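Novice: Following this line is coords-v1.csv, made up of CSV, C-alpha atoms:
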chain,number,residue,atom,x,y,z
A,1,MET,CA,-21.0,38.4,-43.8
A,2,THR,CA,-20.1,36.5,-40.7
A,3,ALA,CA,-16.5,35.3,-40.2
A,4,THR,CA,-15.0,32.7,-37.9
A,5,ASN,CA,-11.4,32.0,-37.2
A,6,ALA,CA,-11.3,28.2,-37.4
A,7,GLY,CA,-7.6,27.8,-36.6
A,8,PRO,CA,-4.2,29.3,-37.4
A,9,GLY,CA,-4.4,31.0,-40.7
A,10,ILE,CA,-7.8,29.5,-41.5
A,11,ASP,CA,-10.8,31.7,-42.0
A,12,VAL,CA,-14.3,30.5,-42.8
A,13,ALA,CA,-17.0,32.9,-43.8
A,14,VAL,CA,-20.6,32.6,-45.0
A,15,ALA,CA,-20.9,35.2,-47.8
A,16,ASP,CA,-24.6,34.6,-48.5
A,17,PRO,CA,-27.0,31.8,-47.8
A,18,GLY,CA,-25.7,28.7,-49.5
A,19,ALA,CA,-22.2,30.0,-50.1
A,20,VAL,CA,-19.1,29.3,-47.9
A,21,THR,CA,-15.7,30.8,-48.4
A,22,LEU,CA,-12.6,29.3,-46.9
A,23,THR,CA,-9.2,31.0,-46.8
A,24,LEU,CA,-6.2,28.7,-46.3
A,25,PRO,CA,-2.5,29.2,-45.8
A,26,PRO,CA,-0.6,27.8,-48.9
A,27,LEU,CA,0.7,24.8,-47.0
A,28,PRO,CA,0.6,21.1,-48.1
A,29,SER,CA,-1.2,20.2,-44.8
A,30,MET,CA,-4.1,22.5,-45.9
A,31,VAL,CA,-4.9,20.3,-48.9
A,32,ARG,CA,-6.5,17.9,-46.4
A,33,VAL,CA,-8.4,20.7,-44.6
A,34,GLY,CA,-9.9,21.9,-47.9
A,35,ARG,CA,-10.8,18.4,-48.9
A,36,LEU,CA,-12.5,17.6,-45.7
A,37,THR,CA,-14.4,20.9,-45.8
A,38,ALA,CA,-15.6,20.2,-49.3
A,39,SER,CA,-16.7,16.7,-48.3
A,40,SER,CA,-18.6,18.1,-45.3
A,41,ILE,CA,-20.4,20.6,-47.5
A,42,ALA,CA,-21.1,18.2,-50.3
A,43,SER,CA,-22.6,15.7,-47.8
A,44,LEU,CA,-25.3,18.3,-47.1
A,45,THR,CA,-26.6,17.8,-50.6
A,46,ASN,CA,-28.1,14.7,-52.1
A,47,MET,CA,-24.8,13.6,-53.6
A,48,THR,CA,-23.9,10.0,-53.7
A,49,ILE,CA,-20.8,8.8,-51.8
A,50,ASP,CA,-19.1,8.2,-55.2
A,51,ASP,CA,-19.8,11.8,-56.2
A,52,ILE,CA,-18.5,13.1,-52.9
A,53,ASP,CA,-15.3,11.1,-53.4
A,54,ASP,CA,-15.0,12.8,-56.8
A,55,ILE,CA,-15.4,16.2,-55.1
A,56,LYS,CA,-12.6,15.3,-52.7
A,57,ILE,CA,-10.3,14.4,-55.6
A,58,GLY,CA,-11.2,17.5,-57.5
A,59,ILE,CA,-10.6,19.8,-54.5
A,60,SER,CA,-7.3,18.2,-53.7
A,61,GLU,CA,-6.2,18.8,-57.3
A,62,MET,CA,-7.4,22.4,-57.1
A,63,ILE,CA,-5.7,23.3,-53.9
A,64,THR,CA,-2.5,21.5,-54.9
A,65,MET,CA,-2.3,23.5,-58.2
A,66,LEU,CA,-3.0,26.8,-56.4
A,67,ILE,CA,-0.3,26.1,-53.8
A,68,GLN,CA,2.2,25.0,-56.5
A,69,HIS,CA,1.6,27.8,-59.0
A,70,GLY,CA,0.7,30.6,-56.6
A,71,ASP,CA,3.1,33.2,-55.3
A,72,GLY,CA,2.7,32.1,-51.7
A,73,SER,CA,-0.4,34.1,-50.9
A,74,PRO,CA,-3.4,32.4,-49.2
A,75,VAL,CA,-5.7,30.2,-51.2
A,76,THR,CA,-9.3,31.1,-51.2
A,77,LEU,CA,-12.1,28.6,-51.9
A,78,CYS,CA,-15.8,29.4,-52.4
A,79,PHE,CA,-18.3,26.6,-52.2
A,80,GLU,CA,-21.8,26.9,-53.4
A,81,ALA,CA,-24.3,24.0,-53.4
A,82,ASP,CA,-27.9,23.8,-54.4
A,83,ASP,CA,-30.3,21.0,-55.4
A,84,ASP,CA,-28.7,20.7,-58.8
A,85,ASN,CA,-25.0,21.5,-58.6
A,86,PHE,CA,-22.0,21.7,-56.3
A,87,VAL,CA,-19.7,24.5,-57.5
A,88,VAL,CA,-16.3,25.3,-56.1
A,89,GLU,CA,-14.1,28.2,-57.2
A,90,GLY,CA,-10.6,28.4,-55.9
A,91,SER,CA,-8.1,31.2,-56.4
A,92,THR,CA,-4.8,32.6,-55.3
A,93,ALA,CA,-2.4,35.4,-56.4
A,94,ALA,CA,0.3,34.5,-58.9
A,95,THR,CA,2.8,36.1,-61.2
A,96,ARG,CA,2.1,33.7,-64.0
A,97,LEU,CA,0.6,30.3,-64.7
A,98,ASP,CA,2.9,27.7,-66.2
A,99,VAL,CA,0.8,25.1,-68.0
A,100,SER,CA,3.7,23.3,-69.7
A,101,GLY,CA,4.6,20.7,-67.1
A,102,ASN,CA,3.5,17.1,-66.9
A,103,ASP,CA,2.3,17.7,-63.4
A,104,PHE,CA,-0.1,20.4,-64.6
A,105,ALA,CA,-1.4,18.1,-67.4
A,106,LEU,CA,-2.0,15.2,-65.0
A,107,ALA,CA,-3.8,17.4,-62.5
A,108,THR,CA,-6.1,19.0,-65.1
A,109,ALA,CA,-6.8,15.6,-66.6
A,110,VAL,CA,-7.9,14.3,-63.2
A,111,LEU,CA,-9.9,17.5,-62.6
A,112,GLU,CA,-11.7,17.1,-65.9
A,113,ALA,CA,-12.5,13.4,-65.2
A,114,VAL,CA,-14.1,14.0,-61.8
A,115,ALA,CA,-16.2,17.1,-62.6
A,116,GLU,CA,-18.9,17.9,-65.1
A,117,THR,CA,-17.1,21.0,-66.0
A,118,SER,CA,-13.8,22.5,-64.9
A,119,SER,CA,-11.6,25.4,-65.9
A,120,VAL,CA,-8.2,26.8,-65.0
A,121,ALA,CA,-7.5,30.5,-65.9
A,122,PHE,CA,-5.1,33.2,-65.1
A,123,ASN,CA,-6.7,36.6,-64.8
A,124,ASP,CA,-5.5,39.9,-63.3
A,125,GLY,CA,-2.7,38.3,-61.3
A,126,ARG,CA,-4.8,35.5,-59.9
A,127,ILE,CA,-5.1,31.8,-60.9
A,128,VAL,CA,-8.7,30.8,-60.8
A,129,ILE,CA,-9.8,27.2,-60.9
A,130,ARG,CA,-13.5,26.3,-61.1
A,131,LEU,CA,-15.2,23.0,-60.9
A,132,MET,CA,-18.9,22.0,-61.1
A,133,LYS,CA,-20.3,18.7,-60.1
A,134,ALA,CA,-23.9,17.9,-60.8
A,135,VAL,CA,-26.0,16.5,-57.9
A,136,ALA,CA,-27.2,13.2,-59.4
A,137,VAL,CA,-30.9,13.0,-60.0
A,138,GLY,CA,-32.5,10.5,-57.6
A,139,ALA,CA,-29.3,10.2,-55.5
A,140,ALA,CA,-31.4,10.8,-52.3
A,141,GLU,CA,-33.5,7.7,-53.0
A,142,ARG,CA,-30.4,5.4,-53.2
B,1,MET,CA,5.6,-13.8,-35.2
B,2,SER,CA,4.6,-12.3,-31.8
B,3,GLU,CA,3.3,-8.8,-31.7
B,4,GLY,CA,6.6,-7.7,-30.0
B,5,GLU,CA,8.7,-9.2,-32.8
B,6,HIS,CA,6.4,-7.7,-35.4
B,7,LYS,CA,6.8,-4.2,-33.9
B,8,LYS,CA,10.6,-4.7,-34.0
B,9,SER,CA,10.5,-5.6,-37.7
B,10,MET,CA,8.6,-2.4,-38.5
B,11,GLU,CA,10.5,0.8,-39.1
B,12,GLU,CA,8.5,4.0,-39.0
B,13,ILE,CA,9.8,6.4,-41.8
B,14,GLY,CA,7.6,9.2,-40.7
B,15,ARG,CA,4.1,10.6,-40.1
B,16,ASN,CA,2.2,13.8,-40.5
B,17,GLU,CA,-1.4,15.0,-40.6
B,18,SER,CA,-2.0,13.1,-43.8
B,19,ILE,CA,-0.1,9.9,-43.6
B,20,ARG,CA,2.0,7.4,-41.6
B,21,VAL,CA,4.6,5.5,-43.6
B,22,THR,CA,6.5,2.5,-42.3
B,23,ILE,CA,8.6,-0.3,-43.8
B,24,ASP,CA,7.4,-3.7,-42.6
B,25,LYS,CA,8.6,-7.1,-43.9
B,26,GLY,CA,10.2,-5.6,-46.9
B,27,ALA,CA,7.3,-3.5,-48.0
B,28,VAL,CA,6.5,0.2,-47.7
B,29,VAL,CA,3.2,0.5,-45.8
B,30,ALA,CA,1.2,3.6,-46.2
B,31,GLU,CA,-1.7,4.5,-43.9
B,32,GLY,CA,-3.9,7.6,-44.5
B,33,ASP,CA,-3.9,10.0,-47.5
B,34,ILE,CA,-1.3,10.3,-50.2
B,35,ASP,CA,-1.4,13.9,-51.3
B,36,LEU,CA,0.9,16.9,-51.4
B,37,ALA,CA,1.7,16.5,-47.7
B,38,GLY,CA,1.9,12.7,-47.8
B,39,GLY,CA,3.8,12.2,-51.0
B,40,PRO,CA,7.3,13.2,-49.8
B,41,LEU,CA,7.2,10.7,-46.9
B,42,LEU,CA,6.3,8.0,-49.3
B,43,ASP,CA,9.1,9.0,-51.6
B,44,THR,CA,11.6,8.7,-48.7
B,45,ALA,CA,10.4,5.2,-47.8
B,46,ILE,CA,10.4,4.0,-51.4
B,47,MET,CA,13.9,5.2,-52.0
B,48,ARG,CA,15.0,3.4,-48.9
B,49,LEU,CA,13.6,0.1,-50.2
B,50,GLU,CA,14.9,0.6,-53.8
B,51,ALA,CA,18.4,-0.1,-52.6
B,52,SER,CA,17.6,-3.6,-51.4
B,53,GLY,CA,15.3,-5.0,-54.2
B,54,PRO,CA,11.9,-4.8,-55.7
B,55,VAL,CA,9.5,-2.2,-54.3
B,56,VAL,CA,6.2,-3.4,-52.8
B,57,ILE,CA,3.9,-0.7,-51.5
B,58,ASP,CA,1.1,-1.8,-49.3
B,59,LEU,CA,-1.9,0.5,-49.9
B,60,THR,CA,-4.4,-1.5,-47.8
B,61,ALA,CA,-4.9,1.5,-45.4
B,62,VAL,CA,-4.7,4.3,-47.9
B,63,GLU,CA,-8.0,6.1,-47.9
B,64,PHE,CA,-7.3,8.8,-50.4
B,65,ILE,CA,-4.9,9.5,-53.2
B,66,ASP,CA,-4.6,12.4,-55.7
B,67,SER,CA,-2.4,13.1,-58.6
B,68,SER,CA,0.4,14.5,-56.4
B,69,GLY,CA,0.4,11.2,-54.6
B,70,LEU,CA,0.2,9.3,-57.8
B,71,ARG,CA,3.3,11.1,-59.0
B,72,SER,CA,5.3,9.5,-56.2
B,73,LEU,CA,4.2,6.1,-57.4
B,74,LEU,CA,4.8,6.9,-61.1
B,75,THR,CA,8.3,8.3,-60.3
B,76,ALA,CA,9.1,5.1,-58.4
B,77,SER,CA,7.8,3.0,-61.3
B,78,ARG,CA,10.1,4.9,-63.8
B,79,ARG,CA,13.1,4.3,-61.5
B,80,ALA,CA,12.2,0.6,-61.2
B,81,GLU,CA,11.9,0.3,-65.0
B,82,GLY,CA,15.5,1.6,-65.1
B,83,ARG,CA,16.6,-1.2,-62.9
B,84,ASN,CA,14.6,-3.7,-64.9
B,85,SER,CA,12.2,-4.1,-62.0
B,86,VAL,CA,8.6,-3.2,-61.1
B,87,VAL,CA,6.6,-1.5,-58.4
B,88,VAL,CA,4.0,-3.7,-56.8
B,89,LEU,CA,0.9,-2.0,-55.4
B,90,ARG,CA,-0.6,-4.3,-52.7
B,91,ASN,CA,-4.3,-4.1,-52.0
B,92,PRO,CA,-5.1,-0.8,-53.6
B,93,SER,CA,-8.5,0.6,-52.5
B,94,ALA,CA,-11.3,1.4,-54.8
B,95,GLY,CA,-10.2,5.1,-54.7
B,96,VAL,CA,-6.6,4.2,-55.7
B,97,LYS,CA,-7.9,2.0,-58.5
B,98,ARG,CA,-10.2,4.8,-59.7
B,99,LEU,CA,-7.3,7.3,-59.9
B,100,LEU,CA,-5.2,4.7,-61.8
B,101,SER,CA,-8.1,4.2,-64.2
B,102,ILE,CA,-8.8,7.9,-64.7
B,103,THR,CA,-5.2,8.6,-65.5
B,104,GLY,CA,-4.6,5.5,-67.5
B,105,THR,CA,-1.6,4.6,-65.4
B,106,ALA,CA,-2.5,1.2,-64.0
B,107,ASP,CA,-0.2,-0.5,-66.5
B,108,GLN,CA,2.8,1.2,-64.9
B,109,PHE,CA,2.4,-1.1,-61.9
B,110,GLN,CA,1.9,-4.7,-60.8
B,111,ILE,CA,-1.3,-4.9,-58.8
B,112,GLU,CA,-1.5,-7.4,-56.0
B,113,ASP,CA,-5.0,-7.8,-54.6
B,114,GLY,CA,-6.1,-9.3,-51.3
B,115,ASP,CA,-5.9,-12.9,-52.5
B,116,GLY,CA,-2.2,-12.5,-53.3
B,117,SER,CA,-2.7,-12.7,-57.0
B,118,LEU,CA,-0.6,-10.5,-59.3
B,119,ALA,CA,-1.7,-8.6,-62.3
B,120,ALA,CA,0.0,-6.1,-64.5
B,121,GLY,CA,-2.0,-3.1,-65.5
B,122,GLY,CA,-4.6,-3.7,-62.9
B,123,GLU,CA,-6.2,-6.5,-64.8
B,124,LYS,CA,-6.9,-9.9,-63.3
As structure tokens - that is how I would like this structure written.

Specialist:
Amino acid sequence: MTATNAGPGIDVAVADPGAVTLTLPPLPSMVRVGRLTASSIASLTNMTIDDIDDIKIGISEMITMLIQHGDGSPVTLCFEADDDNFVVEGSTAATRLDVSGNDFALATAVLEAVAETSSVAFNDGRIVIRLMKAVAVGAAER
Amino acid sequence: MSEGEHKKSMEEIGRNESIRVTIDKGAVVAEGDIDLAGGPLLDTAIMRLEASGPVVIDLTAVEFIDSSGLRSLLTASRRAEGRNSVVVLRNPSAGVKRLLSITGTADQFQIEDGDGSLAAGGEK
């Protein structure tokens, strides 16, 4: 694995061909950093502009939830893209996951609307959020 | 109004890496992204205007909004309802309209598009 320090508290690593991991400090300003990174990676696929816009919304919801529900530990994002799918898994350490608030319901509703599949789970002291967006067939020809 | 006079009428509430928020001619003007970082600045500006009348939020230069930004708008709408008033969203971009549509919250606002027409619930 190669790693690059891209700025204060930001680490970017290529775990294997096609996968990128990004570790962010749990700060509101980092939501934009994650969003722009996702947009850049998605633009390497055949995704349409509309689909990339959906990815940006989904990533924003993901990072916001991880910051708000995490214990203050860094947020890790793993991006994987191929010809068919764009998959992002985000996680952070947490003591619990409170799913009772309106904010959580709104964020998950948005996540579900912009992704083909999405999930939010709490396992072994980590909140794990996953979203998958299909790369539209024929998008490259548009 | 000359450019100099216009600048005098504009009050900058704040800016950060996501957003710049000003109050100009009685409207909150947001430029950039309304997200976890941008929402609090927008809240500050909205609350400043609430004291003096209806809240108009100019979203012409908003490129992105997520649910944490939308919460700022919804909270303002609820407060406006309590004052028997409304929140007007001026020139929302396609991205803003899409999020309102996804969340089914367009009817919480009065939408004012580029031609100055008003519509409740985002319908024209």

Novice: Env of Leu44 in chain A: 10 Å cut, atoms = all atoms listed in the file, seq-sep filter 3 positions within chain, self excluded. Answer as a list in words.

Specialist: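 These residues fall inside the cut-off: Ser39, Ser40, Ile41, Met47, Ala81 and Asp82 of chain A.
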
Novice: Could the residues in this selection be written to a file with C-alpha atoms, as a tab-separated table (two decimals), in the frame of the given file?

Specialist:
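Ended up saving to selection_33.tsv:
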chain	number	residue	atom	x	y	z
A	39	SER	CA	-16.70	16.70	-48.30
A	40	SER	CA	-18.60	18.10	-45.30
A	41	ILE	CA	-20.40	20.60	-47.50
A	47	MET	CA	-24.80	13.60	-53.60
A	81	ALA	CA	-24.30	24.00	-53.40
A	82	ASP	CA	-27.90	23.80	-54.40

Novice: Counting all atoms listed in the file, collect the residues of chain B whose closest atom lies at most 6 Å from chain A, and write them out as a VMD selection string.

Specialist: chain B and resid 36 to 37 67

Novice: In Å to one decimal, how far is CA of Ser73 in chain A from CA of Leu41 in chain B?

Specialist: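 Atom-to-atom, CA of Leu41 in chain B and CA of Ser73 in chain A are spaced 24.9 Å apart.
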
Novice: What's the separation between CA of Leu70 in chain B and CA of Ile19 in chain B, in Å to one decimal place?

Specialist: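 These atoms are spaced 14.2 Å apart.
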
Novice: When you look at Val88 in chain B with a cut-off of 6 Å (counting only C-alpha atoms), what residues show up, excluding the ones that are within fewer than 6 positions of it in the same chain? I need them as a compact mmCIF listing (two decimals) with C-alpha atoms, in the coordinates of the input.

Specialist:
# COMPACT_ATOMS: atom_id res chain seq x y z
CA VAL B 56 6.20 -3.40 -52.80
CA PHE B 109 2.40 -1.10 -61.90
CA GLN B 110 1.90 -4.70 -60.80
CA ILE B 111 -1.30 -4.90 -58.80

Novice: Would you mind listing what lies within 8 Å of Ser91 in chain A as a tab-separated table (two decimals) with C-alpha atoms, in the frame of the given file, with only C-alpha atoms counted and same-chain residues fewer than 2 positions away left out?

Specialist:
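Final output, saved to around-v9.tsv:
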chain	number	residue	atom	x	y	z
A	66	LEU	CA	-3.00	26.80	-56.40
A	75	VAL	CA	-5.70	30.20	-51.20
A	76	THR	CA	-9.30	31.10	-51.20
A	77	LEU	CA	-12.10	28.60	-51.90
A	89	GLU	CA	-14.10	28.20	-57.20
A	93	ALA	CA	-2.40	35.40	-56.40
A	126	ARG	CA	-4.80	35.50	-59.90
A	127	ILE	CA	-5.10	31.80	-60.90
A	128	VAL	CA	-8.70	30.80	-60.80
A	129	ILE	CA	-9.80	27.20	-60.90

Novice: Measure the distance from CA of Ala106 in chain B to CA of Ile23 in chain B in Å and round it to one decimal.

Specialist: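 So the answer is 23.1 Å.
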
Novice: Which polymer residues, protein or nucleic acid, are no farther than 12 Å from (-33.0, 21.6, -57.4), counting all atoms listed in the file, as a list in words?

Specialist: Thr45, Asn46, Ala81, Asp82, Asp83, Asp84, Asn85, Phe86, Ala134, Val135, Ala136, Val137 and Gly138 of chain A

Novice: With all atoms listed in the file as the atoms that count, which of A:Gly125, A:Ser100, A:Pro25, A:Leu36 lies nearest to Ser18 in chain B?

Specialist: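 Nearest to Ser18 in chain B: A:Leu36.
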
Novice: From the list A:Ala94, A:Val87, A:Gly34, A:Ile49, which residue is nearest Ser119 in chain A when using all atoms listed in the file?

Specialist: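 Distance minimum relative to Ser119 in chain A lands on A:Val87.
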
Novice: Find the spatial neighbours of range 42-48 of chain B, counting all atoms listed in the file, within a cut-off of 12 Å - ignore same-chain residues fewer than 3 positions away - and output them as an NGL selection string.

Specialist: :B and (11-16 or 18-24 or 26-39 or 51-59 or 62 or 65 or 68-77 or 79-80 or 87-89)
